[in-house]
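Printed here is upload-v9.csv (CSV, C-alpha atoms):
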chain,number,residue,atom,x,y,z
A,1,MET,CA,180.8,49.7,122.6
A,2,ARG,CA,178.6,51.2,120.1
A,3,GLY,CA,178.7,54.9,119.4
A,4,PRO,CA,175.6,57.1,119.7
A,5,GLN,CA,172.9,56.3,117.2
A,6,THR,CA,171.1,58.9,115.1
A,7,LEU,CA,167.6,59.1,113.8
A,8,GLY,CA,166.3,61.0,110.8
A,9,PHE,CA,163.4,63.4,111.0
A,10,ALA,CA,162.0,66.2,108.9
A,11,GLY,CA,164.5,68.8,110.1
A,12,GLY,CA,167.7,66.6,109.9
A,13,THR,CA,169.1,64.1,112.4
A,14,GLN,CA,169.0,63.9,116.2
A,15,GLN,CA,171.3,61.9,118.5
A,16,LEU,CA,169.6,59.5,120.9
A,17,LEU,CA,170.2,60.2,124.5
A,18,ASN,CA,170.3,56.5,125.4
A,19,PRO,CA,171.6,54.2,122.6
A,20,SER,CA,170.2,51.2,124.4
A,21,LYS,CA,166.6,52.4,123.9
A,22,ARG,CA,164.7,51.7,120.8
A,23,GLU,CA,163.4,54.2,118.3
A,24,ALA,CA,159.9,53.7,119.4
A,25,ASP,CA,160.7,55.1,122.8
A,26,TYR,CA,161.3,58.5,121.3
A,27,PRO,CA,158.1,59.3,119.3
A,28,PHE,CA,159.2,62.9,118.7
A,29,CYS,CA,162.3,61.6,116.8
A,30,ARG,CA,160.5,59.2,114.5
A,31,ASN,CA,161.4,59.2,110.8
A,32,THR,CA,158.7,61.3,109.3
A,33,ARG,CA,159.8,60.3,105.8
A,34,LYS,CA,158.4,56.8,106.3
A,35,ARG,CA,155.3,57.6,108.3
A,36,PRO,CA,154.1,61.2,108.6
A,37,LEU,CA,152.8,62.3,111.9
A,38,ARG,CA,149.0,62.4,112.2
A,39,LEU,CA,147.3,64.8,114.4
A,40,GLU,CA,144.3,63.4,116.1
A,41,THR,CA,141.9,65.7,117.7
A,42,GLN,CA,139.6,64.6,120.5
A,43,ILE,CA,136.1,66.2,120.6
A,44,ARG,CA,135.4,67.1,124.1
A,45,GLN,CA,131.9,66.5,125.2
A,46,PRO,CA,130.3,69.2,127.4
A,47,MET,CA,130.3,68.4,131.0
A,48,GLN,CA,127.0,67.9,132.6
A,49,THR,CA,127.1,70.1,135.7
A,50,GLU,CA,124.4,71.4,138.0
A,51,HIS,CA,124.5,74.9,136.3
A,52,ASN,CA,123.6,73.7,132.8
A,53,ARG,CA,121.3,71.0,133.8
A,54,ILE,CA,117.7,71.7,132.7
A,55,GLU,CA,115.0,70.3,135.0
A,56,PHE,CA,111.3,70.5,134.2
A,57,SER,CA,109.0,70.6,137.2
A,58,ARG,CA,105.3,70.9,137.4
A,59,PRO,CA,104.0,74.2,138.8
A,60,ASP,CA,102.5,74.0,142.2
A,61,SER,CA,98.9,75.0,143.0
A,62,ARG,CA,99.9,78.5,144.1
A,63,GLU,CA,101.5,79.3,140.7
A,64,ARG,CA,98.4,78.0,138.9
A,65,GLY,CA,96.2,80.1,141.1
A,66,SER,CA,98.1,83.3,140.5
A,67,THR,CA,98.1,82.7,136.7
A,68,MET,CA,94.3,82.3,136.7
A,69,LEU,CA,93.9,85.4,138.8
A,70,GLU,CA,96.0,87.5,136.4
A,71,PHE,CA,94.0,86.1,133.5
A,72,ALA,CA,90.7,86.9,135.1
A,73,ALA,CA,91.9,90.5,135.9
A,74,LEU,CA,93.1,91.2,132.3
A,75,LEU,CA,90.3,89.6,130.5
A,76,PRO,CA,87.7,92.4,130.9
A,77,VAL,CA,90.3,95.0,129.8
A,78,VAL,CA,91.2,93.0,126.7
A,79,MET,CA,87.6,92.4,125.8
A,80,THR,CA,86.7,96.1,126.3
A,81,ILE,CA,89.6,97.2,124.0
A,82,LEU,CA,88.5,94.6,121.4
A,83,VAL,CA,84.9,95.6,121.4
A,84,SER,CA,85.8,99.3,121.2
A,85,VAL,CA,88.0,98.7,118.2
A,86,ILE,CA,85.2,96.8,116.4
A,87,GLU,CA,82.5,99.3,117.2
A,88,ILE,CA,84.6,102.3,116.3
A,89,GLY,CA,85.6,100.7,113.0
A,90,ASN,CA,82.0,100.0,112.2
A,91,ALA,CA,80.9,103.5,113.1
A,92,VAL,CA,83.6,105.0,110.8
A,93,ASN,CA,82.5,102.7,108.0
A,94,GLN,CA,78.9,103.8,108.4
A,95,TYR,CA,79.8,107.4,108.5
A,96,LEU,CA,81.6,107.1,105.2
A,97,GLN,CA,78.7,105.3,103.6
A,98,ILE,CA,76.1,107.9,104.7
A,99,SER,CA,78.3,110.7,103.6
A,100,ARG,CA,78.5,109.1,100.2
A,101,ILE,CA,74.7,108.6,100.1
A,102,SER,CA,74.1,112.2,101.1
A,103,TYR,CA,76.5,113.5,98.5
A,104,GLU,CA,75.0,111.4,95.7
A,105,GLY,CA,71.5,112.7,96.7
A,106,ALA,CA,72.7,116.3,96.5
A,107,ARG,CA,74.2,115.6,93.0
A,108,PHE,CA,70.9,114.0,91.9
A,109,GLY,CA,68.9,117.0,93.2
A,110,ALA,CA,71.3,119.4,91.4
A,111,ALA,CA,70.3,118.0,88.1
A,112,ILE,CA,66.5,118.3,88.7
A,113,ALA,CA,65.1,121.4,87.0
A,114,GLY,CA,62.3,123.3,88.6
A,115,LEU,CA,63.2,123.2,92.3
A,116,GLU,CA,62.1,126.2,94.3
A,117,THR,CA,64.4,128.0,96.7
A,118,GLY,CA,63.7,126.7,100.2
A,119,THR,CA,63.2,123.4,102.0
A,120,TYR,CA,60.8,120.6,101.2
A,121,GLN,CA,58.2,121.8,103.8
A,122,HIS,CA,58.1,125.3,102.4
A,123,SER,CA,57.6,124.4,98.7
A,124,SER,CA,54.7,126.4,97.4
A,125,THR,CA,53.9,124.6,94.1
A,126,ALA,CA,52.8,121.0,93.6
A,127,GLN,CA,55.5,120.6,91.0
A,128,SER,CA,58.3,121.5,93.4
A,129,VAL,CA,56.8,119.2,96.1
A,130,ARG,CA,56.8,116.4,93.6
A,131,LEU,CA,60.4,117.1,92.6
A,132,GLN,CA,61.5,117.2,96.3
A,133,ARG,CA,59.8,113.9,96.9
A,134,THR,CA,61.6,112.4,93.9
A,135,LEU,CA,64.9,113.6,95.5
A,136,GLN,CA,64.0,112.1,98.8
A,137,THR,CA,63.0,108.8,97.2
A,138,ARG,CA,66.4,108.6,95.6
A,139,VAL,CA,68.1,109.1,98.9
A,140,LEU,CA,65.9,106.5,100.7
A,141,THR,CA,66.6,104.0,97.9
A,142,LEU,CA,70.4,104.4,98.4
A,143,LEU,CA,70.0,103.9,102.1
A,144,ASP,CA,68.0,100.8,101.6
A,145,ASP,CA,70.6,99.4,99.1
A,146,TYR,CA,73.2,99.8,101.9
A,147,GLY,CA,71.0,97.9,104.4
A,148,TYR,CA,69.9,100.9,106.5
A,149,ASP,CA,66.4,101.1,108.1
A,150,THR,CA,64.7,103.8,106.1
A,151,SER,CA,61.9,104.2,108.7
A,152,GLN,CA,64.5,105.6,111.1
A,153,ALA,CA,66.0,108.0,108.6
A,154,LEU,CA,65.2,111.7,108.7
A,155,LEU,CA,65.8,113.6,105.4
A,156,THR,CA,66.0,117.3,104.8
A,157,THR,CA,66.3,118.5,101.2
A,158,ALA,CA,66.5,122.1,100.2
A,159,ARG,CA,67.6,124.5,97.5
A,160,GLU,CA,69.6,127.2,99.2
A,161,ASP,CA,70.7,130.6,98.0
A,162,VAL,CA,74.3,130.5,99.0
A,163,LEU,CA,75.6,134.0,97.9
A,164,GLY,CA,72.3,135.9,97.9
A,165,GLY,CA,70.5,137.5,95.0
A,166,GLY,CA,70.1,134.2,93.2
A,167,THR,CA,73.6,134.2,91.8
A,168,PHE,CA,74.6,130.9,93.2
A,169,ASP,CA,72.2,128.2,94.4
A,170,ALA,CA,73.0,124.8,95.9
A,171,VAL,CA,71.0,121.7,96.7
A,172,SER,CA,71.6,120.3,100.2
A,173,VAL,CA,70.7,117.0,101.5
A,174,ARG,CA,70.8,116.3,105.3
A,175,VAL,CA,70.6,112.7,106.5
A,176,SER,CA,69.9,111.9,110.1
A,177,ILE,CA,70.0,108.2,111.0
A,178,PRO,CA,71.1,106.1,114.1
A,179,VAL,CA,74.2,104.0,114.2
A,180,ARG,CA,73.9,100.3,113.5
A,181,PRO,CA,76.0,98.6,116.3
A,182,ILE,CA,77.5,95.2,115.9
A,183,LEU,CA,77.9,94.1,119.5
A,184,VAL,CA,76.8,96.8,121.9
A,185,ARG,CA,73.1,97.8,121.4
A,186,GLN,CA,73.5,100.9,123.5
A,187,TYR,CA,75.4,102.6,120.6
A,188,SER,CA,72.2,102.7,118.6
A,189,SER,CA,71.3,105.9,120.4
A,190,ILE,CA,74.1,107.7,118.6
A,191,GLN,CA,72.8,109.7,115.6
A,192,PHE,CA,74.6,110.6,112.4
A,193,ASN,CA,73.7,114.1,111.1
A,194,ILE,CA,75.5,114.4,107.7
A,195,ASN,CA,74.9,117.3,105.4
A,196,SER,CA,76.1,117.4,101.8
A,197,SER,CA,75.5,120.0,99.0
A,198,ALA,CA,76.1,120.3,95.3
A,199,PRO,CA,75.8,123.4,93.1
A,200,TYR,CA,72.4,123.7,91.4
A,201,LEU,CA,72.8,123.4,87.6
A,202,PHE,CA,69.8,125.6,86.6
A,203,ALA,CA,68.9,129.2,87.0
A,204,ASP,CA,65.4,130.6,87.4
A,205,ASP,CA,65.3,132.0,84.0
A,206,GLU,CA,66.3,128.7,82.4
A,207,ILE,CA,63.4,126.8,84.0

So that I can check it, write out the structure of this file as structure tokens.
Amino acid sequence: MRGPQTLGFAGGTQQLLNPSKREADYPFCRNTRKRPLRLETQIRQPMQTEHNRIEFSRPDSRERGSTMLEFAALLPVVMTILVSVIEIGNAVNQYLQISRISYEGARFGAAIAGLETGTYQHSSTAQSVRLQRTLQTRVLTLLDDYGYDTSQALLTTAREDVLGGGTFDAVSVRVSIPVRPILVRQYSSIQFNINSSAPYLFADDEI
């Protein structure tokens, strides 16, 4: 009778429990020196269950009807906000343009010698009237360059005594013109009244 057999492995030797069995019947006792153990991993595929199953179904007529109803209810609100943003941006742009034109007209009038104190309608001499017309022509030219209708513009030009006593005079230009709307024509009833002034560069004794 044979004695107990031993098998070699990485940590030493181990005695077989049943000498009559082969070495292949004990895979944990194989000789790792001859054939190293290989670890094989099996990739588990996700199980298709009812919880993670994605199903695409066509909406029924009731869902389509509710979607169209919501769109019809929100469309006027969205369009009103969009038109308001466009018109407000357009009005702000025109306000800045007219302010610039008014200020440029005041600077132009401040460099004209011979203007009398007072508005254009109260000028007494023909020379002062001619100079005031030159100033207004300059402002109307600037308005036309920016694309405004000069027939709707109302100009008021004057040389004003700011501090009294003739110590400090200023030339003021007031421009009144309606707004040019983009989408809503009712906004054309809004009027811009912008006044700009610049210090007059000449004194009465220098003229």

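Using all atoms listed in the file, the smallest distance between any of A:Ala106, A:Ile101, A:Leu163, A:Leu115 and Asp145 in chain A comes from A:Ile101.
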
Tell me, in Å to one decimal, how far CA of Asn195 in chain A is from CA of Glu87 in chain A.
22.8 Å

Could you give me, as a PyMOL selection string, the residues within 10 Å of Gln97 in chain A, counting all atoms listed in the file and dropping anything in the same chain fewer than 6 positions from it?
chain A and resi 91+103+142-143+146

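Atom pair CA of Gly114 in chain A / CA of Ser128 in chain A: separated by 6.5 Å.
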
Using all atoms listed in the file, which residues sit within 12 Å of Ala158 in chain A once same-chain residues fewer than 3 positions away are excluded, as a ChimeraX atom specification?
/A:105-106,109-110,115-123,128-129,131-133,135-136,155,161-162,169-174,195-200

Just how far from CA of Leu82 in chain A is CA of Ser189 in chain A, in Å to one decimal?
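Separation of CA of Ser189 in chain A and CA of Leu82 in chain A: 20.6 Å.
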
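Using all atoms listed in the file, the shortest contact distance between Phe192 in chain A and any of A:Thr80, A:Gln94, A:Ser66, A:Thr134 is found at A:Gln94.
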
Got a sec: who's within 7 Å of Ser176 in chain A, counting only C-alpha atoms, leaving out chain neighbours fewer than 3 positions off, as JSON, numbers by chain?
{"A": [153, 154, 155, 191, 192, 193, 194]}

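In terms of minimum interatomic distance to Arg100 in chain A, A:Val139 ranks closest within A:Val139, A:Val85, A:Ile190, A:Thr125, counting only C-alpha atoms.
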
Can you save range 154-181 of chain A of the given block to a file, including C-alpha atoms and formatted as a PDB file, in the first residue's frame?
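The resulting file, out08.pdb, is shown below:
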ATOM      1  CA  LEU A 154     -39.157 121.336 -34.082  1.00  0.00           C
ATOM      2  CA  LEU A 155     -36.019 123.303 -33.210  1.00  0.00           C
ATOM      3  CA  THR A 156     -35.561 126.021 -30.623  1.00  0.00           C
ATOM      4  CA  THR A 157     -32.207 127.796 -30.574  1.00  0.00           C
ATOM      5  CA  ALA A 158     -31.291 130.579 -28.188  1.00  0.00           C
ATOM      6  CA  ARG A 159     -28.471 132.397 -26.515  1.00  0.00           C
ATOM      7  CA  GLU A 160     -29.255 132.520 -22.811  1.00  0.00           C
ATOM      8  CA  ASP A 161     -27.809 134.579 -19.992  1.00  0.00           C
ATOM      9  CA  VAL A 162     -27.178 131.857 -17.422  1.00  0.00           C
ATOM     10  CA  LEU A 163     -25.778 133.817 -14.462  1.00  0.00           C
ATOM     11  CA  GLY A 164     -27.266 137.235 -15.217  1.00  0.00           C
ATOM     12  CA  GLY A 165     -25.463 140.451 -15.993  1.00  0.00           C
ATOM     13  CA  GLY A 166     -23.929 139.002 -19.159  1.00  0.00           C
ATOM     14  CA  THR A 167     -21.110 137.314 -17.256  1.00  0.00           C
ATOM     15  CA  PHE A 168     -21.831 133.834 -18.593  1.00  0.00           C
ATOM     16  CA  ASP A 169     -23.883 133.057 -21.690  1.00  0.00           C
ATOM     17  CA  ALA A 170     -24.720 129.691 -23.212  1.00  0.00           C
ATOM     18  CA  VAL A 171     -26.185 128.565 -26.507  1.00  0.00           C
ATOM     19  CA  SER A 172     -29.012 126.062 -26.112  1.00  0.00           C
ATOM     20  CA  VAL A 173     -30.564 123.845 -28.765  1.00  0.00           C
ATOM     21  CA  ARG A 174     -33.827 122.019 -28.132  1.00  0.00           C
ATOM     22  CA  VAL A 175     -34.879 119.260 -30.517  1.00  0.00           C
ATOM     23  CA  SER A 176     -38.450 117.923 -30.514  1.00  0.00           C
ATOM     24  CA  ILE A 177     -39.053 114.991 -32.843  1.00  0.00           C
ATOM     25  CA  PRO A 178     -41.295 111.899 -32.753  1.00  0.00           C
ATOM     26  CA  VAL A 179     -39.960 108.414 -32.236  1.00  0.00           C
ATOM     27  CA  ARG A 180     -39.395 106.235 -35.291  1.00  0.00           C
ATOM     28  CA  PRO A 181     -40.912 102.835 -34.368  1.00  0.00           C
TER      29      PRO A 181
END
